[in-house]
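Coordinates as given in data_3.txt (compact mmCIF, N, CA and C atoms):
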# COMPACT_ATOMS: atom_id res chain seq x y z
N MET A 630 -120.31 -104.92 -114.70
CA MET A 630 -119.67 -105.66 -113.63
C MET A 630 -119.57 -104.77 -112.39
N ALA A 631 -119.89 -105.33 -111.25
CA ALA A 631 -119.83 -104.60 -109.98
C ALA A 631 -118.41 -104.61 -109.44
N GLU A 632 -118.04 -103.50 -108.79
CA GLU A 632 -116.71 -103.38 -108.19
C GLU A 632 -116.85 -102.88 -106.76
N LEU A 633 -116.01 -103.42 -105.89
CA LEU A 633 -115.95 -102.93 -104.51
C LEU A 633 -115.02 -101.73 -104.47
N ASP A 634 -115.55 -100.56 -104.14
CA ASP A 634 -114.73 -99.35 -104.05
C ASP A 634 -113.92 -99.35 -102.77
N TYR A 635 -114.56 -99.66 -101.65
CA TYR A 635 -113.86 -99.70 -100.38
C TYR A 635 -114.68 -100.52 -99.38
N ALA A 636 -114.00 -101.00 -98.35
CA ALA A 636 -114.64 -101.73 -97.26
C ALA A 636 -113.75 -101.65 -96.04
N PHE A 637 -114.36 -101.65 -94.86
CA PHE A 637 -113.60 -101.58 -93.62
C PHE A 637 -114.43 -102.10 -92.47
N LEU A 638 -113.76 -102.37 -91.36
CA LEU A 638 -114.41 -102.77 -90.11
C LEU A 638 -114.69 -101.53 -89.29
N ALA A 639 -115.74 -101.58 -88.48
CA ALA A 639 -116.09 -100.44 -87.63
C ALA A 639 -116.78 -100.95 -86.37
N ASP A 640 -116.80 -100.09 -85.36
CA ASP A 640 -117.56 -100.41 -84.15
C ASP A 640 -119.06 -100.34 -84.45
N TYR A 641 -119.44 -99.38 -85.32
CA TYR A 641 -120.84 -99.21 -85.71
C TYR A 641 -120.88 -98.58 -87.09
N ALA A 642 -121.79 -99.05 -87.94
CA ALA A 642 -122.00 -98.45 -89.26
C ALA A 642 -123.46 -98.61 -89.63
N ASP A 643 -123.99 -97.60 -90.35
CA ASP A 643 -125.38 -97.64 -90.77
C ASP A 643 -125.52 -96.82 -92.05
N VAL A 644 -126.43 -97.22 -92.92
CA VAL A 644 -126.73 -96.48 -94.14
C VAL A 644 -128.14 -95.91 -94.00
N THR A 645 -128.23 -94.59 -94.05
CA THR A 645 -129.51 -93.90 -93.97
C THR A 645 -129.46 -92.68 -94.88
N GLY A 646 -130.51 -92.50 -95.67
CA GLY A 646 -130.61 -91.32 -96.52
C GLY A 646 -129.49 -91.19 -97.53
N GLY A 647 -128.97 -92.32 -98.00
CA GLY A 647 -127.91 -92.29 -99.00
C GLY A 647 -126.54 -91.94 -98.46
N LYS A 648 -126.41 -91.98 -97.11
CA LYS A 648 -125.12 -91.67 -96.49
C LYS A 648 -124.72 -92.80 -95.54
N LEU A 649 -123.42 -93.02 -95.47
CA LEU A 649 -122.85 -94.02 -94.57
C LEU A 649 -122.38 -93.33 -93.30
N THR A 650 -122.94 -93.73 -92.17
CA THR A 650 -122.52 -93.21 -90.87
C THR A 650 -121.67 -94.27 -90.20
N VAL A 651 -120.47 -93.85 -89.73
CA VAL A 651 -119.53 -94.81 -89.14
C VAL A 651 -118.99 -94.26 -87.83
N VAL A 652 -118.89 -95.12 -86.84
CA VAL A 652 -118.25 -94.80 -85.57
C VAL A 652 -117.15 -95.83 -85.35
N GLY A 653 -115.96 -95.34 -85.04
CA GLY A 653 -114.84 -96.25 -84.76
C GLY A 653 -114.46 -97.09 -85.96
N GLY A 654 -114.22 -96.45 -87.09
CA GLY A 654 -113.98 -97.19 -88.33
C GLY A 654 -112.52 -97.48 -88.61
N SER A 655 -112.32 -98.54 -89.38
CA SER A 655 -111.04 -98.94 -89.95
C SER A 655 -110.01 -99.37 -88.90
N TRP A 656 -110.40 -100.31 -88.06
CA TRP A 656 -109.48 -100.83 -87.05
C TRP A 656 -109.02 -102.23 -87.43
N THR A 657 -107.90 -102.64 -86.82
CA THR A 657 -107.33 -103.96 -87.12
C THR A 657 -107.01 -104.79 -85.88
N HIS A 658 -107.21 -104.20 -84.68
CA HIS A 658 -106.91 -104.92 -83.44
C HIS A 658 -108.07 -104.82 -82.47
N LEU A 659 -108.31 -105.90 -81.77
CA LEU A 659 -109.34 -105.95 -80.73
C LEU A 659 -108.68 -106.57 -79.51
N PHE A 660 -108.75 -105.87 -78.39
CA PHE A 660 -108.14 -106.38 -77.15
C PHE A 660 -109.23 -106.95 -76.24
N ALA A 661 -108.99 -108.16 -75.74
CA ALA A 661 -109.94 -108.84 -74.87
C ALA A 661 -109.17 -109.47 -73.71
N ALA A 662 -109.57 -109.10 -72.50
CA ALA A 662 -108.89 -109.64 -71.31
C ALA A 662 -109.13 -111.14 -71.16
N THR A 663 -110.30 -111.59 -71.58
CA THR A 663 -110.63 -113.01 -71.52
C THR A 663 -111.41 -113.40 -72.77
N VAL A 664 -111.39 -114.65 -73.09
CA VAL A 664 -112.25 -115.22 -74.13
C VAL A 664 -112.88 -116.47 -73.54
N PRO A 665 -114.06 -116.85 -73.91
CA PRO A 665 -114.87 -116.29 -74.98
C PRO A 665 -115.68 -115.06 -74.53
N ILE A 666 -115.92 -114.16 -75.50
CA ILE A 666 -116.79 -113.00 -75.29
C ILE A 666 -117.52 -112.72 -76.61
N PRO A 667 -118.73 -112.16 -76.54
CA PRO A 667 -119.37 -111.72 -77.77
C PRO A 667 -118.91 -110.29 -78.08
N ARG A 668 -118.83 -109.96 -79.37
CA ARG A 668 -118.44 -108.60 -79.76
C ARG A 668 -119.23 -108.21 -81.01
N LEU A 669 -119.91 -107.08 -80.97
CA LEU A 669 -120.63 -106.57 -82.12
C LEU A 669 -119.66 -105.77 -82.99
N ILE A 670 -119.57 -106.13 -84.26
CA ILE A 670 -118.73 -105.38 -85.19
C ILE A 670 -119.59 -105.04 -86.41
N SER A 671 -119.15 -104.07 -87.17
CA SER A 671 -119.80 -103.72 -88.43
C SER A 671 -118.80 -103.84 -89.57
N VAL A 672 -119.31 -104.22 -90.72
CA VAL A 672 -118.54 -104.23 -91.95
C VAL A 672 -119.27 -103.28 -92.89
N ALA A 673 -118.55 -102.29 -93.43
CA ALA A 673 -119.19 -101.28 -94.26
C ALA A 673 -118.38 -101.03 -95.53
N GLY A 674 -119.06 -100.51 -96.55
CA GLY A 674 -118.36 -100.20 -97.78
C GLY A 674 -119.28 -99.67 -98.85
N ARG A 675 -118.71 -99.59 -100.07
CA ARG A 675 -119.47 -99.14 -101.24
C ARG A 675 -119.11 -100.00 -102.44
N VAL A 676 -120.15 -100.38 -103.17
CA VAL A 676 -120.01 -101.14 -104.41
C VAL A 676 -120.56 -100.26 -105.53
N THR A 677 -119.83 -100.16 -106.64
CA THR A 677 -120.35 -99.43 -107.80
C THR A 677 -120.60 -100.40 -108.95
N ALA A 678 -121.59 -100.04 -109.74
CA ALA A 678 -121.94 -100.83 -110.92
C ALA A 678 -122.53 -99.89 -111.95
N LEU A 679 -122.51 -100.31 -113.21
CA LEU A 679 -123.12 -99.51 -114.26
C LEU A 679 -124.61 -99.39 -113.99
N ASP A 680 -125.16 -98.23 -114.29
CA ASP A 680 -126.59 -98.00 -114.14
C ASP A 680 -127.33 -99.04 -114.98
N GLY A 681 -128.37 -99.63 -114.42
CA GLY A 681 -129.12 -100.66 -115.12
C GLY A 681 -128.62 -102.06 -114.87
N HIS A 682 -127.53 -102.20 -114.10
CA HIS A 682 -126.97 -103.51 -113.76
C HIS A 682 -127.99 -104.30 -112.95
N GLU A 683 -127.97 -105.58 -113.13
CA GLU A 683 -128.84 -106.46 -112.34
C GLU A 683 -128.51 -106.30 -110.85
N PRO A 684 -129.41 -106.71 -109.97
CA PRO A 684 -129.09 -106.66 -108.53
C PRO A 684 -127.77 -107.38 -108.25
N ILE A 685 -127.04 -106.87 -107.27
CA ILE A 685 -125.74 -107.41 -106.91
C ILE A 685 -125.89 -108.20 -105.62
N HIS A 686 -125.40 -109.42 -105.63
CA HIS A 686 -125.44 -110.23 -104.42
C HIS A 686 -124.09 -110.11 -103.72
N ALA A 687 -124.11 -109.51 -102.54
CA ALA A 687 -122.89 -109.39 -101.73
C ALA A 687 -123.00 -110.36 -100.56
N GLU A 688 -121.85 -110.83 -100.12
CA GLU A 688 -121.81 -111.73 -98.97
C GLU A 688 -120.62 -111.35 -98.11
N VAL A 689 -120.84 -111.36 -96.80
CA VAL A 689 -119.78 -111.13 -95.83
C VAL A 689 -119.61 -112.44 -95.05
N GLN A 690 -118.39 -112.94 -94.99
CA GLN A 690 -118.09 -114.16 -94.25
C GLN A 690 -117.04 -113.85 -93.19
N LEU A 691 -117.25 -114.35 -91.99
CA LEU A 691 -116.29 -114.17 -90.91
C LEU A 691 -115.83 -115.54 -90.44
N VAL A 692 -114.51 -115.71 -90.34
CA VAL A 692 -113.92 -116.99 -89.94
C VAL A 692 -112.89 -116.73 -88.84
N PRO A 693 -112.98 -117.45 -87.70
CA PRO A 693 -112.00 -117.27 -86.63
C PRO A 693 -110.69 -117.99 -86.96
N PRO A 694 -109.64 -117.73 -86.17
CA PRO A 694 -108.33 -118.33 -86.44
C PRO A 694 -108.34 -119.86 -86.47
N ASP A 695 -109.15 -120.49 -85.64
CA ASP A 695 -109.18 -121.96 -85.60
C ASP A 695 -110.20 -122.55 -86.57
N GLU A 696 -110.87 -121.69 -87.35
CA GLU A 696 -111.86 -122.12 -88.35
C GLU A 696 -112.94 -123.01 -87.76
N SER A 697 -113.28 -122.80 -86.49
CA SER A 697 -114.27 -123.63 -85.82
C SER A 697 -115.71 -123.29 -86.22
N PHE A 698 -115.91 -122.15 -86.86
CA PHE A 698 -117.24 -121.77 -87.35
C PHE A 698 -117.07 -120.75 -88.46
N LYS A 699 -118.16 -120.48 -89.16
CA LYS A 699 -118.17 -119.43 -90.18
C LYS A 699 -119.51 -118.72 -90.10
N ILE A 700 -119.47 -117.40 -90.02
CA ILE A 700 -120.68 -116.59 -90.04
C ILE A 700 -120.81 -116.01 -91.45
N GLN A 701 -122.01 -116.15 -92.04
CA GLN A 701 -122.25 -115.63 -93.38
C GLN A 701 -123.46 -114.71 -93.34
N ILE A 702 -123.31 -113.54 -93.96
CA ILE A 702 -124.41 -112.60 -94.09
C ILE A 702 -124.56 -112.27 -95.56
N SER A 703 -125.77 -112.39 -96.09
CA SER A 703 -126.05 -112.05 -97.48
C SER A 703 -126.70 -110.68 -97.56
N ILE A 704 -126.30 -109.91 -98.57
CA ILE A 704 -126.84 -108.57 -98.79
C ILE A 704 -127.13 -108.45 -100.29
N ASP A 705 -128.38 -108.18 -100.64
CA ASP A 705 -128.71 -107.94 -102.04
C ASP A 705 -128.78 -106.44 -102.27
N LEU A 706 -127.90 -105.94 -103.13
CA LEU A 706 -127.81 -104.51 -103.41
C LEU A 706 -128.63 -104.21 -104.66
N VAL A 707 -129.72 -103.47 -104.47
CA VAL A 707 -130.61 -103.10 -105.56
C VAL A 707 -130.80 -101.59 -105.57
N GLN A 708 -131.16 -101.07 -106.72
CA GLN A 708 -131.39 -99.63 -106.81
C GLN A 708 -132.66 -99.27 -106.04
N GLY A 709 -132.50 -98.27 -105.16
CA GLY A 709 -133.62 -97.79 -104.37
C GLY A 709 -133.64 -96.27 -104.40
N PRO A 710 -134.49 -95.66 -103.59
CA PRO A 710 -134.60 -94.19 -103.61
C PRO A 710 -133.31 -93.47 -103.18
N ASP A 711 -132.44 -94.13 -102.42
CA ASP A 711 -131.19 -93.51 -101.97
C ASP A 711 -130.00 -93.89 -102.85
N THR A 712 -130.23 -94.68 -103.90
CA THR A 712 -129.16 -95.07 -104.81
C THR A 712 -129.27 -94.20 -106.05
N LEU A 713 -128.56 -93.10 -106.05
CA LEU A 713 -128.66 -92.13 -107.15
C LEU A 713 -127.53 -92.35 -108.15
N PRO A 714 -127.86 -92.32 -109.44
CA PRO A 714 -126.82 -92.48 -110.46
C PRO A 714 -125.95 -91.23 -110.57
N TYR A 715 -124.71 -91.43 -111.02
CA TYR A 715 -123.82 -90.32 -111.30
C TYR A 715 -123.05 -90.62 -112.58
N GLY A 716 -122.58 -89.57 -113.25
CA GLY A 716 -121.91 -89.74 -114.53
C GLY A 716 -122.93 -89.68 -115.66
N THR A 717 -122.43 -89.78 -116.89
CA THR A 717 -123.31 -89.69 -118.05
C THR A 717 -123.03 -90.81 -119.04
N GLY A 718 -123.99 -91.05 -119.90
CA GLY A 718 -123.83 -92.02 -120.98
C GLY A 718 -123.48 -93.42 -120.50
N ALA A 719 -122.55 -94.04 -121.22
CA ALA A 719 -122.14 -95.41 -120.91
C ALA A 719 -121.39 -95.51 -119.59
N ALA A 720 -120.90 -94.37 -119.09
CA ALA A 720 -120.14 -94.37 -117.82
C ALA A 720 -121.05 -94.09 -116.62
N ARG A 721 -122.34 -94.01 -116.81
CA ARG A 721 -123.28 -93.72 -115.72
C ARG A 721 -123.27 -94.89 -114.72
N LYS A 722 -123.01 -94.59 -113.48
CA LYS A 722 -122.87 -95.63 -112.45
C LYS A 722 -123.80 -95.39 -111.28
N LEU A 723 -123.96 -96.45 -110.50
CA LEU A 723 -124.69 -96.40 -109.24
C LEU A 723 -123.72 -96.76 -108.13
N GLY A 724 -123.79 -96.04 -107.02
CA GLY A 724 -122.99 -96.37 -105.84
C GLY A 724 -123.89 -96.98 -104.78
N HIS A 725 -123.65 -98.22 -104.43
CA HIS A 725 -124.45 -98.92 -103.42
C HIS A 725 -123.67 -98.96 -102.10
N LEU A 726 -124.15 -98.25 -101.10
CA LEU A 726 -123.54 -98.32 -99.77
C LEU A 726 -124.10 -99.52 -99.02
N PHE A 727 -123.27 -100.12 -98.16
CA PHE A 727 -123.77 -101.21 -97.33
C PHE A 727 -123.13 -101.15 -95.95
N ALA A 728 -123.86 -101.67 -94.98
CA ALA A 728 -123.36 -101.81 -93.61
C ALA A 728 -124.01 -103.05 -93.02
N ALA A 729 -123.20 -103.94 -92.50
CA ALA A 729 -123.69 -105.18 -91.89
C ALA A 729 -123.18 -105.26 -90.46
N GLN A 730 -124.08 -105.53 -89.53
CA GLN A 730 -123.70 -105.71 -88.14
C GLN A 730 -123.64 -107.22 -87.85
N ILE A 731 -122.56 -107.61 -87.18
CA ILE A 731 -122.35 -109.03 -86.88
C ILE A 731 -121.98 -109.16 -85.40
N THR A 732 -122.70 -110.01 -84.69
CA THR A 732 -122.28 -110.36 -83.33
C THR A 732 -121.33 -111.55 -83.46
N VAL A 733 -120.07 -111.30 -83.13
CA VAL A 733 -119.02 -112.30 -83.32
C VAL A 733 -118.71 -112.96 -81.98
N PRO A 734 -118.78 -114.28 -81.91
CA PRO A 734 -118.30 -114.95 -80.71
C PRO A 734 -116.76 -115.01 -80.76
N ILE A 735 -116.12 -114.20 -79.96
CA ILE A 735 -114.65 -114.21 -79.90
C ILE A 735 -114.29 -115.38 -79.00
N THR A 736 -113.89 -116.48 -79.62
CA THR A 736 -113.67 -117.72 -78.87
C THR A 736 -112.20 -118.00 -78.59
N VAL A 737 -111.31 -117.47 -79.43
CA VAL A 737 -109.87 -117.69 -79.27
C VAL A 737 -109.13 -116.41 -79.66
N TYR A 738 -107.90 -116.28 -79.19
CA TYR A 738 -107.04 -115.18 -79.62
C TYR A 738 -106.48 -115.53 -81.00
N GLY A 739 -106.17 -114.51 -81.78
CA GLY A 739 -105.57 -114.73 -83.09
C GLY A 739 -106.21 -113.86 -84.16
N LEU A 740 -105.97 -114.22 -85.43
CA LEU A 740 -106.39 -113.42 -86.57
C LEU A 740 -107.73 -113.91 -87.11
N TYR A 741 -108.74 -113.04 -87.03
CA TYR A 741 -110.06 -113.31 -87.57
C TYR A 741 -110.12 -112.71 -88.98
N GLN A 742 -110.66 -113.47 -89.92
CA GLN A 742 -110.75 -113.01 -91.30
C GLN A 742 -112.20 -112.65 -91.65
N VAL A 743 -112.34 -111.55 -92.38
CA VAL A 743 -113.63 -111.14 -92.89
C VAL A 743 -113.50 -111.07 -94.41
N LEU A 744 -114.24 -111.92 -95.09
CA LEU A 744 -114.17 -112.00 -96.54
C LEU A 744 -115.41 -111.36 -97.14
N ILE A 745 -115.21 -110.57 -98.20
CA ILE A 745 -116.33 -109.94 -98.90
C ILE A 745 -116.38 -110.51 -100.31
N LEU A 746 -117.54 -111.00 -100.68
CA LEU A 746 -117.76 -111.58 -102.00
C LEU A 746 -118.81 -110.78 -102.74
N LEU A 747 -118.62 -110.60 -104.03
CA LEU A 747 -119.63 -110.00 -104.91
C LEU A 747 -119.99 -111.02 -105.97
N ASP A 748 -121.27 -111.33 -106.05
CA ASP A 748 -121.76 -112.32 -107.01
C ASP A 748 -120.92 -113.59 -106.98
N GLY A 749 -120.58 -114.04 -105.76
CA GLY A 749 -119.88 -115.30 -105.56
C GLY A 749 -118.37 -115.24 -105.66
N GLU A 750 -117.81 -114.09 -106.02
CA GLU A 750 -116.35 -113.96 -106.17
C GLU A 750 -115.77 -113.14 -105.02
N GLN A 751 -114.73 -113.67 -104.37
CA GLN A 751 -114.09 -112.93 -103.28
C GLN A 751 -113.37 -111.71 -103.85
N VAL A 752 -113.71 -110.52 -103.29
CA VAL A 752 -113.11 -109.28 -103.79
C VAL A 752 -112.29 -108.56 -102.73
N ARG A 753 -112.42 -108.96 -101.48
CA ARG A 753 -111.63 -108.30 -100.43
C ARG A 753 -111.50 -109.22 -99.23
N ARG A 754 -110.35 -109.12 -98.58
CA ARG A 754 -110.10 -109.82 -97.31
C ARG A 754 -109.73 -108.75 -96.30
N LEU A 755 -110.53 -108.63 -95.26
CA LEU A 755 -110.22 -107.78 -94.12
C LEU A 755 -109.84 -108.72 -92.98
N ALA A 756 -109.11 -108.23 -92.02
CA ALA A 756 -108.74 -109.08 -90.89
C ALA A 756 -108.55 -108.22 -89.65
N PHE A 757 -108.74 -108.87 -88.49
CA PHE A 757 -108.43 -108.19 -87.23
C PHE A 757 -107.84 -109.20 -86.26
N GLU A 758 -106.88 -108.71 -85.50
CA GLU A 758 -106.17 -109.53 -84.52
C GLU A 758 -106.83 -109.36 -83.16
N VAL A 759 -107.16 -110.47 -82.52
CA VAL A 759 -107.67 -110.45 -81.15
C VAL A 759 -106.53 -110.85 -80.23
N ALA A 760 -106.21 -109.97 -79.27
CA ALA A 760 -105.09 -110.22 -78.37
C ALA A 760 -105.45 -109.76 -76.97
N GLU A 761 -104.65 -110.21 -76.00
CA GLU A 761 -104.82 -109.71 -74.64
C GLU A 761 -104.35 -108.26 -74.60
N PRO A 762 -104.96 -107.45 -73.73
CA PRO A 762 -104.54 -106.05 -73.65
C PRO A 762 -103.07 -105.95 -73.23
N PRO A 763 -102.36 -104.96 -73.79
CA PRO A 763 -100.96 -104.79 -73.39
C PRO A 763 -100.88 -104.37 -71.92
N ILE A 764 -99.82 -104.80 -71.27
CA ILE A 764 -99.60 -104.43 -69.87
C ILE A 764 -98.89 -103.08 -69.84
N PRO A 765 -99.48 -102.09 -69.15
CA PRO A 765 -98.84 -100.76 -69.11
C PRO A 765 -97.41 -100.84 -68.61
N GLY A 766 -96.52 -100.13 -69.27
CA GLY A 766 -95.12 -100.09 -68.86
C GLY A 766 -94.26 -101.19 -69.44
N GLU A 767 -94.85 -102.09 -70.19
CA GLU A 767 -94.05 -103.19 -70.79
C GLU A 767 -93.93 -103.01 -72.27

Could you show the structure in this file as structure tokens?
Amino acid sequence: MAELDYAFLADYADVTGGKLTVVGGSWTHLFAATVPIPRLISVAGRVTALDGHEPIHAEVQLVPPDESFKIQISIDLVQGPDTLPYGTGAARKLGHLFAAQITVPITVYGLYQVLILLDGEQVRRLAFEVAEPPIPGE
């Protein structure tokens, strides 16, 4: 069975050479002077599974506060040259890193939800609040 070890939002994330590179990671607020605006965000994390496990189907879903649309990104996690096993015997596992870039139409202020599913089951809910920038001195 596959498990999500961790996941977070970032300004930028990429997986290269078996390493996850992240810029501006793990935020929960986005300030926008006006809406609508487009915003590029990344969702990154690691999924572990027993060595020899079938490919893992991951999905990232983004839903705005008014539920006026849903963005879905599918990611198939398979063993490749950068997916190295660790551990021994029956406990031997594979760590699958992932990074997905999403251009989000920020259409309204409020709480945007990012849902992560593994093999069709929701395993994590991330969220970020879109608000007007605070006024200095208030």

| message | Counting all atoms listed in the file, which residue out of A:Ile666, A:Ala760, A:Val737, A:Met630 sits closest to Pro694 of chain A? | response |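 Looking at the shortest contact to Pro694 of chain A, the residue is A:Val737.
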
| said: Run DSSP on the backbone and tell me which residues of segment 654-718 of chain A come out as strand (DSSP E); list them as number ranges by chain. | reply: A: 654, 658-660, 666-679, 685-692, 700-706, 714-715

| request: Taking (-118.2, -101.4, -86.8) in the file's own coordinates, collect the residues within 7 Å, counting only N, CA and C atoms, and hand them back as a ChimeraX atom specification. | output: /A:637-642,652-654,669-673

Which residues of segment 654-740 of chain A come within 6.5 Å of segment 751-758 of chain A, and for each one, what is the closest pair of atoms and their distance in Å to one decimal, counting only N, CA and C atoms, sorted by chain and residue number, as JSON lines?
{"residue": "A:Trp656", "atom": "C", "partner": "A:Phe757", "partner_atom": "CA", "distance": 6.0}
{"residue": "A:Thr657", "atom": "C", "partner": "A:Phe757", "partner_atom": "CA", "distance": 3.9}
{"residue": "A:His658", "atom": "CA", "partner": "A:Glu758", "partner_atom": "N", "distance": 4.3}
{"residue": "A:Leu659", "atom": "N", "partner": "A:Glu758", "partner_atom": "C", "distance": 4.0}
{"residue": "A:Phe660", "atom": "N", "partner": "A:Glu758", "partner_atom": "C", "distance": 6.2}
{"residue": "A:Gly739", "atom": "C", "partner": "A:Glu758", "partner_atom": "CA", "distance": 4.3}
{"residue": "A:Leu740", "atom": "CA", "partner": "A:Glu758", "partner_atom": "CA", "distance": 4.4}

| query | Looking at A:Gln742, A:Gln708, A:Thr717, A:Thr677, which one is nearest to Tyr635 of chain A, with distances taken over only C-alpha atoms? | reply |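 Nearest candidate to Tyr635 of chain A out of A:Gln742, A:Gln708, A:Thr717, A:Thr677: A:Thr677.
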
| Please, what distance in Å, to one decimal, runs between atom CA of Leu706 of chain A and atom C of Arg721 of chain A? |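 Between atom CA of Leu706 of chain A and atom C of Arg721 of chain A the gap works out to 15.5 Å.
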
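Between atom N of Leu744 of chain A and atom CA of Gln690 of chain A the separation is 4.5 Å.
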
| Contacts of Tyr715 of chain A within 10 Å, only C-alpha atoms, excl. fewer than 3 positions in-chain, as a list in words | Leu679, Asp680, Thr712, Gly718, Ala720, Arg721, Lys722, Leu723 and Gly724 of chain A

| message | Restricting the calculation to only C-alpha atoms: of A:Ile745, A:Ala661, A:Leu726, A:Leu649, which residue gets closest to Gln701 of chain A? | response |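 Using only C-alpha atoms, the shortest distance to Gln701 of chain A belongs to A:Ile745.
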
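Distances from A:Gly749, A:Tyr741, A:Ala662, A:Glu761 to Asp695 of chain A were compared using all atoms listed in the file, and the smallest one belongs to A:Tyr741.
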